[in-house]
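Single-structure report; data block below.
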Amino acid sequence: MGDEPVNVKEYQELAKQALPKMYYDFFAGGSEDQHTLKENVEAFKRITLRPRILVDVSKIDMSTTILGYKTSAPIMIAPTSMHKLAHPQGEILTAKAAAACNVIMGLSFSSTCTIEEVASSCNAVRFFQLYMYKRREISALMVKRAEINGFKAILLTVDSPKLGRREADIKNKMIAPQLKNFEGLVSTEVHDSEGSNLEAYASRTLDPSFSWKDIAWLKSVTKLPILIKGVLTREDVIKAMEIGVEGVIVSNHGARQLDYVPATIDALEEVVLTVQGRIPVLFDGGIRRGTDVFKALALGAQAVMVGRPIVFGLAAKGEYGVKRAIEMLKDELELTMALSGCPTLSDITRNHVRTQIDDHRHSRL
């Protein structure tokens with residue numbers, strides 16, 4: 001097949017051809033100037049690899065555990081919203097692809113398939129993303145439904161007290177579909193002639209008062225481990241550990257919230273050095289190659305989350321496209337480990353990468 005992609009970036013081109021402009025822009029776009037959107041990918045290119053030679057790499061083992069759950073590789077599906085805008089069967093196909101590849105999927109709070117539909121589609125380990133709504137009982141109900149349906153952790157997104165200014169969505173007058181999870185609870189029908197109805201819906205529902213003290217409330221309504229998604233600074237990691245969460249996810253929301261925050265790969269090491277191994281650190285943002293996965297692991301991430309490449313694979317070729325996107329990243333990581341002299345994940349160390357900070361240190365010596 002002439003149009004068969006050979007890397008995940010090529011799925012983005014196919015998705016652009018397959019999707020209406022409004023939906024492609026929704027998935028591909030970032031906030032305001034999209035500076036951080038570009039940086040999330042570009043920052044990886046400023047990190048170089050330091051391979052080891054003459055190591056026995058006849059067998060490469062990429063398997064690992066995340067929160068105690070076995071997975072084939074340190075690659076997870078990030079929670080991204082509204083997969084039915086990419087494919088009519090939506091998150092059900094994404095879930096089946098994740099299960100087939102034996103990787104953990106994060107299901108978005110704003111999924112277009114219900115929690116129950118995804119849970120019953122196939123047997124797999126899944127985590128559930130949570131936003132905090134002004135009506136706390138709705139967020140609590142979603143957590144309970146996730147728990148009842150076998151989800152294993154809560155990914156609490158904490159970088160969205162308000163929706164970032166996504167100008168493509170405003171120009172396109174982006175219309176969100178009714179989300180089946182919230183039928184009878186809240187309507188997505190918002191009439192806003194000035195722009196995106198996503199923005200109007202978010203301002204009506206998201207709770208901008210949610211703060212550190214409210215994590216205790218969330219702990220009171222679930223026994224599931226809570227990971228905070230959206231951490232970028234040492235100061236917030238310290239608070240997260242003090243409050244007793246089970247992990248942190250270094251993320252800038254795919255550059256869809258606050259523009260001009262650092263690329264997540266540039267923020268990762270600050271978080272890792274602060275955590276000192278006390279809780280898991282997961283990584284989200286800008287992964288497009290197996291070398292990117294390797295770099296994040298070398299800088300201390302336990303695993304990475306992949307968002308847009310999954311959605312683009314889904315839009316281009318359905319379940320097969322999602323599977324291929326995951327397999328491509330796994331295959332590239334396996335090759336990178338072999339060529340870097342790392343037969344297992346534990347062999348990947350900080351000494352396998354060189355960052356711009358390292359370059360500055362060496363230039364001063």
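All residue names refer to the structure tokens as shown: chains lettered A, B, ... in order, residues numbered from 1 in each chain, ligands numbered from 1 in order.
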TODO: Excluding A:Lys223 and residues on its chain fewer than 5 positions from it, collect all residues at most 10 Å away from it, counting only C-alpha atoms, and give them as a PyMOL selection string.
DONE: chain A and resi 143-144+147+152-154+218
Store the residues picked out above, limited to N, CA and C atoms, as a short mmCIF file (atom, residue, chain, number, x, y, z; two decimals), in the first residue's frame.
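So the final result, stored in out.cif, reads:
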```cif
data_model
loop_
_atom_site.label_atom_id
_atom_site.label_comp_id
_atom_site.auth_asym_id
_atom_site.auth_seq_id
_atom_site.Cartn_x
_atom_site.Cartn_y
_atom_site.Cartn_z
N VAL A 143 -16.27 8.98 39.11
CA VAL A 143 -15.24 8.20 39.81
C VAL A 143 -15.83 6.86 40.25
N LYS A 144 -17.03 6.89 40.81
CA LYS A 144 -17.68 5.65 41.27
C LYS A 144 -17.93 4.71 40.09
N GLU A 147 -14.71 3.14 39.08
CA GLU A 147 -14.29 2.15 40.07
C GLU A 147 -15.09 0.85 39.90
N LYS A 152 -8.41 1.22 37.22
CA LYS A 152 -7.44 0.94 38.29
C LYS A 152 -6.83 2.17 38.94
N ALA A 153 -7.03 3.36 38.37
CA ALA A 153 -6.44 4.58 38.95
C ALA A 153 -7.19 5.79 38.42
N ILE A 154 -7.08 6.89 39.17
CA ILE A 154 -7.66 8.17 38.76
C ILE A 154 -6.53 9.11 38.35
N LEU A 218 -11.52 14.20 47.37
CA LEU A 218 -11.46 13.18 46.35
C LEU A 218 -11.04 11.84 46.96
#
```
Open item on the list: With only C-alpha atoms as the counted atoms, please give the residues lying no more than 9 Å from A:Lys229, apart from itself and same-chain residues fewer than 6 positions off, as a list in words.
Closed with: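 Close residues of A:Lys229: Gln129, Leu155, Leu156, Thr157, Val158, Asp159, Gly247, Val248, Ile249, Val250, Ser251, Asn252, His253, Leu282 and Asp284 of chain A.
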Open item on the list: Give me the residues near A:Ile138 as a PyMOL selection string, where near means some atom within 9 Å (using only C-alpha atoms) and where sequence neighbours in that chain fewer than 6 positions away do not count.
Closed with: chain A and resi 132+182+185-186
Those same residues, written as a compact mmCIF listing (two decimals), in the first residue's frame with C-alpha atoms?
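Full text of selection-v2.txt as output:
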```txt
# COMPACT_ATOMS: atom_id res chain seq x y z
CA MET A 132 -13.38 18.63 38.87
CA PHE A 182 -23.31 13.00 31.27
CA LEU A 185 -26.74 15.23 34.32
CA VAL A 186 -25.44 18.12 32.24
```
Close residues, A:Leu163 itself excluded, 12 Å, only C-alpha atoms, min 6 positions apart in chain, as a PDB file with N, CA and C atoms, in the first residue's frame:
```
ATOM      1  N   GLY A  30      -3.147  23.968  19.590  1.00  0.00           N
ATOM      2  CA  GLY A  30      -2.767  24.341  20.947  1.00  0.00           C
ATOM      3  C   GLY A  30      -3.373  25.686  21.293  1.00  0.00           C
ATOM      4  N   SER A  31      -2.893  26.287  22.370  1.00  0.00           N
ATOM      5  CA  SER A  31      -3.466  27.559  22.816  1.00  0.00           C
ATOM      6  C   SER A  31      -2.654  28.751  22.290  1.00  0.00           C
ATOM      7  N   GLU A  32      -3.358  29.843  22.089  1.00  0.00           N
ATOM      8  CA  GLU A  32      -2.802  31.155  21.725  1.00  0.00           C
ATOM      9  C   GLU A  32      -1.773  31.067  20.599  1.00  0.00           C
ATOM     10  N   TYR A 131     -11.840  15.422  35.710  1.00  0.00           N
ATOM     11  CA  TYR A 131     -11.871  16.869  35.908  1.00  0.00           C
ATOM     12  C   TYR A 131     -12.781  17.155  37.098  1.00  0.00           C
ATOM     13  N   ASP A 169     -10.261  26.701  17.493  1.00  0.00           N
ATOM     14  CA  ASP A 169     -11.620  26.287  17.862  1.00  0.00           C
ATOM     15  C   ASP A 169     -12.577  27.479  17.873  1.00  0.00           C
ATOM     16  N   ILE A 170     -12.066  28.633  18.306  1.00  0.00           N
ATOM     17  CA  ILE A 170     -12.900  29.839  18.327  1.00  0.00           C
ATOM     18  C   ILE A 170     -13.256  30.250  16.896  1.00  0.00           C
ATOM     19  N   SER A 196     -16.129  29.174  20.171  1.00  0.00           N
ATOM     20  CA  SER A 196     -16.227  27.755  20.477  1.00  0.00           C
ATOM     21  C   SER A 196     -17.231  27.504  21.594  1.00  0.00           C
ATOM     22  N   ASN A 197     -18.123  26.507  21.382  1.00  0.00           N
ATOM     23  CA  ASN A 197     -19.023  26.185  22.486  1.00  0.00           C
ATOM     24  C   ASN A 197     -18.309  25.347  23.539  1.00  0.00           C
ATOM     25  N   LEU A 198     -17.111  24.829  23.209  1.00  0.00           N
ATOM     26  CA  LEU A 198     -16.291  24.142  24.216  1.00  0.00           C
ATOM     27  C   LEU A 198     -15.924  25.102  25.338  1.00  0.00           C
ATOM     28  N   GLU A 199     -15.545  26.323  24.946  1.00  0.00           N
ATOM     29  CA  GLU A 199     -15.130  27.335  25.913  1.00  0.00           C
ATOM     30  C   GLU A 199     -16.302  27.700  26.834  1.00  0.00           C
ATOM     31  N   ALA A 200     -17.460  27.875  26.216  1.00  0.00           N
ATOM     32  CA  ALA A 200     -18.643  28.229  27.005  1.00  0.00           C
ATOM     33  C   ALA A 200     -19.042  27.090  27.931  1.00  0.00           C
ATOM     34  N   TYR A 201     -18.972  25.852  27.432  1.00  0.00           N
ATOM     35  CA  TYR A 201     -19.313  24.679  28.243  1.00  0.00           C
ATOM     36  C   TYR A 201     -18.344  24.550  29.413  1.00  0.00           C
ATOM     37  N   ALA A 202     -17.042  24.728  29.144  1.00  0.00           N
ATOM     38  CA  ALA A 202     -16.036  24.595  30.193  1.00  0.00           C
ATOM     39  C   ALA A 202     -16.230  25.648  31.286  1.00  0.00           C
ATOM     40  N   SER A 203     -16.511  26.882  30.887  1.00  0.00           N
ATOM     41  CA  SER A 203     -16.669  27.940  31.895  1.00  0.00           C
ATOM     42  C   SER A 203     -17.916  27.697  32.753  1.00  0.00           C
ATOM     43  N   ARG A 204     -18.881  26.984  32.184  1.00  0.00           N
ATOM     44  CA  ARG A 204     -20.102  26.690  32.931  1.00  0.00           C
ATOM     45  C   ARG A 204     -19.916  25.515  33.896  1.00  0.00           C
ATOM     46  N   THR A 205     -18.991  24.610  33.575  1.00  0.00           N
ATOM     47  CA  THR A 205     -18.893  23.366  34.349  1.00  0.00           C
ATOM     48  C   THR A 205     -17.640  23.245  35.220  1.00  0.00           C
ATOM     49  N   LEU A 206     -16.461  23.648  34.707  1.00  0.00           N
ATOM     50  CA  LEU A 206     -15.213  23.451  35.457  1.00  0.00           C
ATOM     51  C   LEU A 206     -15.184  24.295  36.722  1.00  0.00           C
ATOM     52  N   ASP A 207     -14.602  23.739  37.777  1.00  0.00           N
ATOM     53  CA  ASP A 207     -14.572  24.409  39.081  1.00  0.00           C
ATOM     54  C   ASP A 207     -13.240  25.139  39.278  1.00  0.00           C
ATOM     55  N   PRO A 208     -13.212  26.471  39.105  1.00  0.00           N
ATOM     56  CA  PRO A 208     -11.942  27.197  39.260  1.00  0.00           C
ATOM     57  C   PRO A 208     -11.507  27.352  40.714  1.00  0.00           C
ATOM     58  N   HIS A 253      -0.732  19.587  29.213  1.00  0.00           N
ATOM     59  CA  HIS A 253      -2.041  19.393  28.575  1.00  0.00           C
ATOM     60  C   HIS A 253      -1.924  19.453  27.045  1.00  0.00           C
ATOM     61  N   ALA A 255      -0.080  21.271  25.404  1.00  0.00           N
ATOM     62  CA  ALA A 255       0.069  22.691  25.033  1.00  0.00           C
ATOM     63  C   ALA A 255      -1.266  23.329  24.673  1.00  0.00           C
ATOM     64  N   ARG A 256      -2.339  22.844  25.306  1.00  0.00           N
ATOM     65  CA  ARG A 256      -3.679  23.357  25.006  1.00  0.00           C
ATOM     66  C   ARG A 256      -4.191  24.298  26.099  1.00  0.00           C
ATOM     67  N   GLN A 257      -3.405  24.487  27.161  1.00  0.00           N
ATOM     68  CA  GLN A 257      -3.855  25.337  28.255  1.00  0.00           C
ATOM     69  C   GLN A 257      -3.061  26.655  28.280  1.00  0.00           C
ATOM     70  N   LEU A 258      -2.035  26.734  29.106  1.00  0.00           N
ATOM     71  CA  LEU A 258      -1.232  27.960  29.217  1.00  0.00           C
ATOM     72  C   LEU A 258      -0.080  27.907  28.218  1.00  0.00           C
ATOM     73  N   ASP A 259      -0.059  28.856  27.301  1.00  0.00           N
ATOM     74  CA  ASP A 259       1.049  28.911  26.347  1.00  0.00           C
ATOM     75  C   ASP A 259       2.288  29.485  27.039  1.00  0.00           C
TER      76      ASP A 259
END
```
Open item on the list: Just want the 12 Å neighbourhood of A:Ile66, counted on only C-alpha atoms, with same-chain residues fewer than 4 positions away dropped. Output as a PyMOL selection string.
Closed with: chain A and resi 70-76+103-105+125-127+152-153+225+227+246-247+279-282+301-305
- [ ] Identify which of the residues A:Met328, A:Leu314, A:Val353, A:Ile215 lies closest to A:Ile287, counting only C-alpha atoms when measuring atom-to-atom distances.
- [x]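 Using only C-alpha atoms, the shortest distance to A:Ile287 belongs to A:Met328.
All residues in stretch 115-163 of chain A with a DSSP state of helix (DSSP H, G or I), computed from the backbone, read Ile115, Glu116, Glu117, Val118, Ala119, Ser120, Ser121, Arg136, Glu137, Ile138, Ser139, Ala140, Leu141, Met142, Val143, Lys144, Arg145, Ala146, Glu147 and Ile148 of chain A.
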TODO: Can you check which residues of stretch 107-342 of chain A DSSP gives as strand (DSSP E) on the backbone and send them as a PyMOL selection string?
DONE: chain A and resi 107+126-130+154-157+226-231+247-250+281-284+303-306
Next, the residues of the selection above should be written as a compact mmCIF listing (two decimals), in the first residue's frame with N, CA and C atoms.
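Written out: result_24.txt:
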```
# COMPACT_ATOMS: atom_id res chain seq x y z
N LEU A 107 -8.62 6.75 29.94
CA LEU A 107 -9.88 7.16 29.32
C LEU A 107 -10.21 8.59 29.74
N ARG A 126 -7.05 -0.22 32.69
CA ARG A 126 -7.33 1.15 32.24
C ARG A 126 -7.34 2.09 33.43
N PHE A 127 -6.95 3.34 33.18
CA PHE A 127 -7.03 4.40 34.18
C PHE A 127 -8.09 5.41 33.71
N PHE A 128 -8.66 6.16 34.65
CA PHE A 128 -9.72 7.11 34.32
C PHE A 128 -9.28 8.54 34.64
N GLN A 129 -9.40 9.41 33.65
CA GLN A 129 -9.07 10.82 33.86
C GLN A 129 -10.26 11.55 34.49
N LEU A 130 -9.96 12.45 35.41
CA LEU A 130 -11.01 13.19 36.11
C LEU A 130 -10.77 14.69 36.04
N ILE A 154 -7.08 6.89 39.17
CA ILE A 154 -7.66 8.17 38.76
C ILE A 154 -6.53 9.11 38.35
N LEU A 155 -6.64 9.66 37.15
CA LEU A 155 -5.69 10.66 36.65
C LEU A 155 -6.38 12.02 36.80
N LEU A 156 -6.06 12.70 37.88
CA LEU A 156 -6.72 13.98 38.18
C LEU A 156 -6.02 15.11 37.42
N THR A 157 -6.72 15.67 36.44
CA THR A 157 -6.15 16.76 35.65
C THR A 157 -6.31 18.07 36.43
N ILE A 226 -4.56 7.93 43.21
CA ILE A 226 -4.75 9.20 42.52
C ILE A 226 -3.40 9.70 42.02
N LEU A 227 -3.33 9.96 40.71
CA LEU A 227 -2.14 10.59 40.13
C LEU A 227 -2.54 11.98 39.65
N ILE A 228 -1.71 12.97 39.95
CA ILE A 228 -2.00 14.34 39.55
C ILE A 228 -1.36 14.61 38.19
N LYS A 229 -2.19 15.00 37.22
CA LYS A 229 -1.72 15.24 35.85
C LYS A 229 -1.70 16.74 35.57
N GLY A 230 -0.50 17.26 35.25
CA GLY A 230 -0.37 18.68 34.96
C GLY A 230 0.68 19.37 35.81
N VAL A 231 1.62 18.58 36.33
CA VAL A 231 2.68 19.11 37.19
C VAL A 231 3.87 19.51 36.33
N GLY A 247 1.16 9.37 42.56
CA GLY A 247 2.05 9.61 41.44
C GLY A 247 1.78 10.96 40.81
N VAL A 248 2.69 11.42 39.97
CA VAL A 248 2.51 12.68 39.24
C VAL A 248 2.76 12.45 37.76
N ILE A 249 2.08 13.23 36.94
CA ILE A 249 2.27 13.18 35.50
C ILE A 249 2.74 14.55 35.04
N VAL A 250 3.96 14.60 34.53
CA VAL A 250 4.52 15.85 34.00
C VAL A 250 3.83 16.12 32.67
N VAL A 281 6.81 8.91 38.48
CA VAL A 281 6.70 10.09 37.62
C VAL A 281 6.41 9.60 36.21
N LEU A 282 5.24 9.96 35.68
CA LEU A 282 4.89 9.65 34.30
C LEU A 282 5.05 10.92 33.47
N PHE A 283 5.15 10.73 32.17
CA PHE A 283 5.46 11.85 31.27
C PHE A 283 4.43 11.93 30.15
N ASP A 284 4.04 13.15 29.78
CA ASP A 284 3.04 13.34 28.73
C ASP A 284 3.39 14.57 27.90
N ALA A 303 7.26 5.99 32.68
CA ALA A 303 6.57 5.65 31.43
C ALA A 303 6.12 6.94 30.77
N VAL A 304 5.76 6.84 29.48
CA VAL A 304 5.29 8.02 28.75
C VAL A 304 3.85 7.79 28.30
N MET A 305 3.14 8.90 28.15
CA MET A 305 1.79 8.87 27.59
C MET A 305 1.83 9.46 26.18
N VAL A 306 1.04 8.87 25.30
CA VAL A 306 0.98 9.31 23.90
C VAL A 306 -0.46 9.69 23.58
```
- [ ] Choose the residue, out of A:Lys16, A:Lys84, A:Arg289, A:Lys96, that has the smallest atom-to-atom separation from A:Val322; count only C-alpha atoms.
- [x]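 When distances to A:Val322 are compared using only C-alpha atoms, the smallest one comes from A:Lys96.
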Task: Pick from A:Gln12, A:Thr94, A:Ser139, A:Ser58, whichever lies nearest to A:Gly341 using only C-alpha atoms - done: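 Distance minimum relative to A:Gly341 lands on A:Ser58.
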Task: Of the listed residues A:Gly307, A:Gly254, A:Gly29, A:Gly285, that which approaches A:Lys171 most closely, counting only C-alpha atoms - done: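 Checking each of A:Gly307, A:Gly254, A:Gly29, A:Gly285 against A:Lys171, counting only C-alpha atoms, the winner is A:Gly29.
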Task: Two-atom distance - atom CA of A:Lys45, atom CA of A:Leu329 (Å) - done: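 Between atom CA of A:Lys45 and atom CA of A:Leu329 the gap is 16.4 Å.
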All residues 12 Å or closer to A:Pro51, only C-alpha atoms, same chain fewer than 6 positions away omitted, as an mmCIF file with N, CA and C atoms, in the first residue's frame:
```cif
data_model
loop_
_atom_site.group_PDB
_atom_site.id
_atom_site.type_symbol
_atom_site.label_atom_id
_atom_site.label_comp_id
_atom_site.auth_asym_id
_atom_site.auth_seq_id
_atom_site.Cartn_x
_atom_site.Cartn_y
_atom_site.Cartn_z
ATOM 1 N N THR A 291 12.875 7.194 19.989
ATOM 2 C CA THR A 291 13.986 7.916 20.617
ATOM 3 C C THR A 291 13.460 8.911 21.655
ATOM 4 N N PHE A 294 12.770 6.946 24.768
ATOM 5 C CA PHE A 294 14.058 6.639 25.402
ATOM 6 C C PHE A 294 14.586 7.851 26.172
ATOM 7 N N LYS A 295 14.519 9.025 25.569
ATOM 8 C CA LYS A 295 15.020 10.244 26.216
ATOM 9 C C LYS A 295 14.253 10.550 27.496
ATOM 10 N N ALA A 298 15.347 8.095 30.129
ATOM 11 C CA ALA A 298 16.695 8.427 30.601
ATOM 12 C C ALA A 298 16.672 9.598 31.576
ATOM 13 N N LEU A 335 14.540 -0.713 19.040
ATOM 14 C CA LEU A 335 15.735 -0.478 18.230
ATOM 15 C C LEU A 335 16.667 0.525 18.917
ATOM 16 N N THR A 336 16.103 1.578 19.479
ATOM 17 C CA THR A 336 16.921 2.584 20.179
ATOM 18 C C THR A 336 17.653 1.956 21.352
ATOM 19 N N MET A 337 16.955 1.105 22.111
ATOM 20 C CA MET A 337 17.599 0.416 23.241
ATOM 21 C C MET A 337 18.747 -0.460 22.757
ATOM 22 N N ALA A 338 18.523 -1.182 21.656
ATOM 23 C CA ALA A 338 19.578 -2.052 21.130
ATOM 24 C C ALA A 338 20.790 -1.246 20.678
ATOM 25 N N LEU A 339 20.536 -0.173 19.936
ATOM 26 C CA LEU A 339 21.633 0.636 19.400
ATOM 27 C C LEU A 339 22.317 1.485 20.474
ATOM 28 N N SER A 340 21.651 1.621 21.626
ATOM 29 C CA SER A 340 22.241 2.385 22.745
ATOM 30 C C SER A 340 22.906 1.475 23.768
ATOM 31 N N GLY A 341 22.818 0.155 23.548
ATOM 32 C CA GLY A 341 23.440 -0.784 24.479
ATOM 33 C C GLY A 341 22.652 -0.979 25.753
ATOM 34 N N CYS A 342 21.308 -0.989 25.647
ATOM 35 C CA CYS A 342 20.432 -1.121 26.824
ATOM 36 C C CYS A 342 19.459 -2.282 26.629
ATOM 37 N N ASP A 347 18.563 -0.545 32.332
ATOM 38 C CA ASP A 347 19.886 -0.179 31.803
ATOM 39 C C ASP A 347 19.922 1.249 31.267
ATOM 40 N N ILE A 348 18.750 1.846 31.046
ATOM 41 C CA ILE A 348 18.694 3.221 30.523
ATOM 42 C C ILE A 348 18.955 4.186 31.682
ATOM 43 N N THR A 349 20.011 4.988 31.570
ATOM 44 C CA THR A 349 20.385 5.890 32.666
ATOM 45 C C THR A 349 20.497 7.333 32.176
ATOM 46 N N ARG A 350 20.649 8.218 33.124
ATOM 47 C CA ARG A 350 20.826 9.639 32.811
ATOM 48 C C ARG A 350 22.052 9.859 31.926
ATOM 49 N N ASN A 351 23.038 8.984 32.043
ATOM 50 C CA ASN A 351 24.256 9.129 31.248
ATOM 51 C C ASN A 351 24.064 8.775 29.774
ATOM 52 N N HIS A 352 22.877 8.286 29.414
ATOM 53 C CA HIS A 352 22.613 7.949 28.018
ATOM 54 C C HIS A 352 22.104 9.136 27.191
ATOM 55 N N VAL A 353 21.901 10.273 27.845
ATOM 56 C CA VAL A 353 21.440 11.460 27.114
ATOM 57 C C VAL A 353 22.259 12.682 27.494
ATOM 58 N N ARG A 354 22.289 13.618 26.575
ATOM 59 C CA ARG A 354 22.951 14.898 26.844
ATOM 60 C C ARG A 354 21.970 16.012 26.487
#
```
Task: Separation of atom CA of A:Lys323 from atom CA of A:Leu345 in Å - done: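 Taking atom CA of A:Leu345 and atom CA of A:Lys323, their separation equals 22.0 Å.
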